[in-house]
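What follows is the content of target.txt, which has compact mmCIF, C-alpha atoms:
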# COMPACT_ATOMS: atom_id res chain seq x y z
CA MET Q 8 -56.43 -47.92 58.31
CA LYS Q 9 -54.15 -46.36 55.75
CA VAL Q 10 -53.45 -42.65 56.11
CA SER Q 11 -52.22 -41.02 52.96
CA THR Q 12 -49.67 -38.23 52.90
CA ARG Q 13 -52.17 -36.05 51.04
CA ASN Q 14 -54.71 -36.40 53.86
CA LEU Q 15 -52.07 -35.51 56.44
CA VAL Q 16 -50.98 -32.43 54.48
CA ILE Q 17 -54.59 -31.28 54.30
CA ASN Q 18 -55.61 -32.14 57.88
CA ILE Q 19 -52.58 -30.85 59.79
CA PRO Q 20 -53.18 -27.14 58.99
CA PHE Q 21 -56.88 -27.47 59.81
CA PHE Q 22 -56.44 -29.14 63.19
CA SER Q 23 -53.50 -26.88 64.02
CA GLY Q 24 -55.79 -23.92 63.30
CA LEU Q 25 -58.42 -25.32 65.66
CA ILE Q 26 -55.83 -25.65 68.43
CA LEU Q 27 -54.48 -22.15 67.75
CA ASN Q 28 -57.99 -20.76 68.26
CA VAL Q 29 -57.74 -21.61 71.97
CA ILE Q 30 -54.59 -19.48 72.20
CA VAL Q 31 -56.25 -16.70 70.20
CA ILE Q 32 -59.06 -16.57 72.77
CA LYS Q 33 -56.57 -16.32 75.65
CA ILE Q 34 -54.60 -13.51 73.98
CA PHE Q 35 -57.80 -11.75 72.86
CA SER Q 36 -58.85 -11.49 76.50
CA LYS Q 37 -55.61 -9.60 77.25
CA THR Q 38 -55.82 -7.27 74.23
CA VAL Q 39 -58.07 -4.27 73.65
CA ILE Q 40 -59.28 -5.02 70.12
CA SER Q 41 -62.78 -5.12 68.74
CA PRO Q 42 -64.35 -8.49 67.88
CA PHE Q 43 -64.99 -7.14 64.37
CA SER Q 44 -61.24 -6.64 63.88
CA ILE Q 45 -60.58 -10.22 64.99
CA LEU Q 46 -63.20 -11.43 62.51
CA LEU Q 47 -61.45 -9.52 59.73
CA LEU Q 48 -58.09 -10.99 60.74
CA TYR Q 49 -59.61 -14.43 60.22
CA LEU Q 50 -61.55 -13.73 57.05
CA ILE Q 51 -59.03 -11.78 54.95
CA PRO Q 52 -56.36 -14.53 54.76
CA GLY Q 53 -59.12 -17.13 54.57
CA LEU Q 54 -60.67 -15.46 51.52
CA VAL Q 55 -57.34 -14.79 49.80
CA LEU Q 56 -56.13 -18.35 50.27
CA TYR Q 57 -59.56 -19.74 49.37
CA PHE Q 58 -59.10 -18.57 45.79
CA PHE Q 59 -55.54 -19.93 45.71
CA ILE Q 60 -56.57 -23.34 47.06
CA ASP Q 61 -59.65 -23.45 44.82
CA LYS Q 62 -57.50 -22.85 41.74
CA PHE Q 63 -54.31 -24.82 42.45
CA ILE Q 64 -55.14 -27.52 45.00
CA ASN Q 65 -57.77 -30.12 44.32
CA LEU Q 66 -59.73 -30.40 47.54
CA ARG Q 67 -62.84 -32.53 47.24
CA LEU Q 68 -64.96 -30.19 49.33
CA SER Q 69 -67.84 -27.86 48.59
CA LYS Q 70 -67.05 -24.17 48.14
CA PHE Q 71 -68.40 -23.38 51.59
CA LEU Q 72 -66.27 -26.06 53.27
CA LYS Q 73 -63.19 -24.84 51.38
CA LEU Q 74 -63.87 -21.35 52.77
CA VAL Q 75 -64.24 -22.77 56.30
CA TYR Q 76 -61.04 -24.80 55.82
CA THR Q 77 -58.95 -21.81 54.69
CA THR Q 78 -60.41 -19.49 57.30
CA ILE Q 79 -59.72 -21.85 60.19
CA SER Q 80 -56.37 -23.11 58.88
CA PHE Q 81 -54.77 -19.91 57.71
CA GLY Q 82 -56.92 -17.20 59.29
CA SER Q 83 -56.14 -18.49 62.77
CA LEU Q 84 -52.42 -18.70 61.94
CA PHE Q 85 -52.44 -15.09 60.70
CA THR Q 86 -54.46 -13.88 63.70
CA ILE Q 87 -52.29 -15.62 66.30
CA SER Q 88 -49.16 -14.26 64.60
CA LEU Q 89 -50.34 -10.65 64.80
CA LEU Q 90 -51.65 -11.00 68.36
CA LEU Q 91 -48.38 -12.58 69.55
CA ILE Q 92 -46.30 -9.89 67.86
CA ASN Q 93 -48.44 -7.21 69.51
CA LEU Q 94 -48.25 -8.93 72.91
CA ASN Q 95 -44.54 -9.79 72.98
CA PHE Q 96 -43.01 -6.74 71.32
CA GLN Q 97 -44.32 -3.86 73.39
CA GLU Q 98 -43.75 -0.41 71.98
CA SER Q 99 -42.73 0.96 75.34
CA THR Q 100 -42.53 0.00 78.98
CA ASN Q 101 -44.67 3.00 79.91
CA SER Q 102 -47.98 1.93 81.30
CA LYS Q 103 -51.21 3.85 81.51
CA THR Q 104 -53.67 3.18 84.31
CA ILE Q 105 -57.31 3.91 83.60
CA LYS Q 106 -60.35 3.63 85.79
CA THR Q 107 -63.50 2.60 83.95
CA LYS Q 108 -67.06 2.14 85.18
CA ILE Q 109 -68.55 -1.37 85.22
CA LEU Q 110 -71.39 -1.39 82.68
CA LYS Q 111 -72.75 -4.86 83.39
CA LYS Q 112 -72.19 -7.36 86.19
CA GLY Q 113 -73.00 -11.03 86.18
CA TYR Q 114 -71.85 -14.57 86.69
CA THR Q 115 -70.72 -17.30 84.33
CA THR Q 116 -73.18 -20.12 83.76
CA LYS Q 117 -70.58 -22.75 84.62
CA GLY Q 118 -68.83 -22.32 87.92
CA ASN Q 119 -70.61 -19.10 88.94
CA ARG Q 120 -67.53 -16.92 88.58
CA PRO Q 121 -68.19 -13.16 88.63
CA THR Q 122 -68.03 -11.24 85.33
CA ALA Q 123 -67.89 -7.54 84.50
CA ASP Q 124 -68.25 -5.66 81.21
CA VAL Q 125 -66.48 -2.31 80.83
CA GLU Q 126 -65.72 0.10 78.00
CA VAL Q 127 -62.06 0.58 77.10
CA ASP Q 128 -61.21 2.96 74.24
CA GLY Q 129 -64.73 2.59 72.83
CA ILE Q 130 -64.61 -1.23 72.93
CA ILE Q 131 -66.76 -3.25 75.32
CA LYS Q 132 -64.53 -5.79 77.09
CA GLY Q 133 -65.71 -8.59 79.35
CA PHE Q 134 -63.67 -9.87 82.28
CA VAL Q 135 -64.12 -13.07 84.27
CA PHE Q 136 -62.69 -13.09 87.77
CA GLN Q 137 -61.21 -16.30 89.16
CA ARG Q 138 -61.87 -15.62 92.80
CA GLN Q 139 -65.30 -16.01 94.28
CA GLU Q 140 -66.17 -12.56 95.53
CA ASN Q 141 -69.29 -10.45 95.49
CA ILE Q 142 -68.82 -8.21 92.47
CA ASP Q 143 -71.93 -6.21 93.42
CA ASN Q 144 -69.83 -4.29 95.96
CA TYR Q 145 -67.65 -2.81 93.20
CA SER Q 146 -68.50 -0.04 90.74
CA SER Q 147 -65.40 0.21 88.55
CA LEU Q 148 -62.27 -1.52 87.30
CA GLU Q 149 -58.76 -0.16 87.23
CA LEU Q 150 -56.80 -1.41 84.22
CA LYS Q 151 -53.05 -1.16 83.66
CA LEU Q 152 -52.50 -0.86 79.90
CA TYR Q 153 -49.41 -1.00 77.68
CA ASP Q 154 -49.19 -0.11 74.00
CA GLY Q 155 -48.43 -3.07 71.75
CA VAL Q 156 -46.21 -2.71 68.70
CA ILE Q 157 -49.17 -2.97 66.31
CA GLY Q 158 -51.14 -0.40 68.29
CA TRP Q 159 -53.56 -2.58 70.21
CA LYS Q 160 -53.42 -1.98 73.94
CA ILE Q 161 -52.38 -4.85 76.20
CA ILE Q 162 -54.07 -5.35 79.57
CA LYS Q 163 -51.43 -6.22 82.17
CA ALA Q 164 -53.39 -5.87 85.41
CA ILE Q 165 -57.04 -5.67 86.45
CA GLU Q 166 -58.24 -4.51 89.84
CA LEU Q 167 -61.78 -4.11 91.17
CA LYS Q 168 -62.49 -0.71 92.74
CA LYS Q 169 -65.38 0.42 94.92
Can you give me the file's structure in the form of structure tokens?
Amino acid sequence: MKVSTRNLVINIPFFSGLILNVIVIKIFSKTVISPFSILLLYLIPGLVLYFFIDKFINLRLSKFLKLVYTTISFGSLFTISLLLINLNFQESTNSKTIKTKILKKGYTTKGNRPTADVEVDGIIKGFVFQRQENIDNYSSLELKLYDGVIGWKIIKAIELKK
């Protein structure tokens, strides 16, 4: 099977973007940012580069697949870059601890780990707890938050409260 350089140049950004999505999900769980904002972080570079790739690079794909390609390849790279900058370059070392009421309790379908949904700065955030404990005995979460350099809050610690 002969692999051309052109195929490698096209496939490496796409599969790298797929792998970066796993890291985006991990960092998203530690950041207070709305899912709509994450969607925009993916789509804006994807749309901008879609027109560039459509005009200058001859990809033998339909328009929809070109949009998917640019969104996954370059949107995920842009999103992970901003999330890592926000996470690693904290604006200050001052933390703020907030106590927020649990809005919804449940369990994951795989593994039966307890979950809790809370509202943080107007954004509904879901948390999955690793330990097997009865979440029904708790009514709130205490979150330790730091300000990131971009302005999105970073969750450093989560504690169940009765």
From Q:Ile157, Q:Ile17, Q:Val135, Q:Ile60, residue lying nearest Q:Ser36 [all atoms listed in the file]: Q:Val135
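Residue neighbourhood of stretch 111-125 of chain Q, excluding near-sequence residues (fewer than 3 positions): Thr107, Lys108, Ile131, Lys132, Gly133, Phe134, Val135, Phe136, Gln137, Arg138, Gln139, Glu140, Asn141, Ile142, Asp143 and Leu148 of chain Q, at 8 Å, using all atoms listed in the file.
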Only C-alpha atoms, please: the residues just picked out, written as a CSV table (one decimal), in the coordinates of the input.
chain,number,residue,atom,x,y,z
Q,107,THR,CA,-63.5,2.6,84.0
Q,108,LYS,CA,-67.1,2.1,85.2
Q,131,ILE,CA,-66.8,-3.2,75.3
Q,132,LYS,CA,-64.5,-5.8,77.1
Q,133,GLY,CA,-65.7,-8.6,79.4
Q,134,PHE,CA,-63.7,-9.9,82.3
Q,135,VAL,CA,-64.1,-13.1,84.3
Q,136,PHE,CA,-62.7,-13.1,87.8
Q,137,GLN,CA,-61.2,-16.3,89.2
Q,138,ARG,CA,-61.9,-15.6,92.8
Q,139,GLN,CA,-65.3,-16.0,94.3
Q,140,GLU,CA,-66.2,-12.6,95.5
Q,141,ASN,CA,-69.3,-10.4,95.5
Q,142,ILE,CA,-68.8,-8.2,92.5
Q,143,ASP,CA,-71.9,-6.2,93.4
Q,148,LEU,CA,-62.3,-1.5,87.3
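Remark: residues at most 12 Å from position (-54.0, -20.6, 69.4) in file coordinates are Q:Phe22, Q:Ser23, Q:Gly24, Q:Leu25, Q:Ile26, Q:Leu27, Q:Asn28, Q:Val29, Q:Ile30, Q:Val31, Q:Ile32, Q:Lys33, Q:Ile34, Q:Phe35, Q:Ile79, Q:Ser80, Q:Phe81, Q:Gly82, Q:Ser83, Q:Leu84, Q:Phe85, Q:Thr86, Q:Ile87, Q:Ser88, Q:Leu89, Q:Leu90, Q:Leu91, using all atoms listed in the file.
Closest to Q:Ile64 among Q:Leu152, Q:Thr77, Q:Ile109, Q:Phe96 is Q:Thr77, based on all atoms listed in the file.
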Kindly indicate which residue among Q:Leu150, Q:Ile51, Q:Phe71, Q:Lys103 lies nearest to Q:Glu126, using only C-alpha atoms for the distances. Q:Leu150
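Between atom CA of Q:Asn95 and atom CA of Q:Asp154 there is a distance of 10.8 Å.
One distance worth recording is that between atom CA of Q:Leu110 and atom CA of Q:Leu48, which is 27.4 Å.
Minimum atom-to-atom distance to Q:Asn18, evaluated using all atoms listed in the file, belongs to Q:Leu66 out of Q:Ala164, Q:Ile130, Q:Leu50, Q:Leu66.
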Hey, could you pull the box centre and edge lengths for stretch 17-25 of chain Q, axis-aligned, 3 Å padding per side, all listed atoms, to one decimal in Å, as AutoDock Vina command-line options?
--center_x -55.5 --center_y -28.0 --center_z 60.0 --size_x 11.8 --size_y 14.2 --size_z 17.4
Selection near Q:Gln97, 9 Å with all atoms listed in the file, sequence-local residues under 2 positions removed, as a ChimeraX atom specification: /Q:92-95,99-100,153-157,161
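Of note, atom CA of Q:Asp128 and atom CA of Q:Asn144 are spaced 24.5 Å apart.
Checking Q:Leu167, Q:Ile40, Q:Leu74, Q:Leu15 one by one against Q:Phe59, counting only C-alpha atoms, you find the shortest gap at Q:Leu74.
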Tell me which protein, DNA and RNA residues are within 9 Å of Q:Val75, counting all atoms listed in the file, leaving out same-chain ones fewer than 5 positions away, and put them as a VMD selection string. chain Q and resid 53 57 70 80
Using only C-alpha atoms, which of Q:Val127, Q:Asn101, Q:Pro20, Q:Pro42 sits nearest Q:Thr78? Q:Pro20
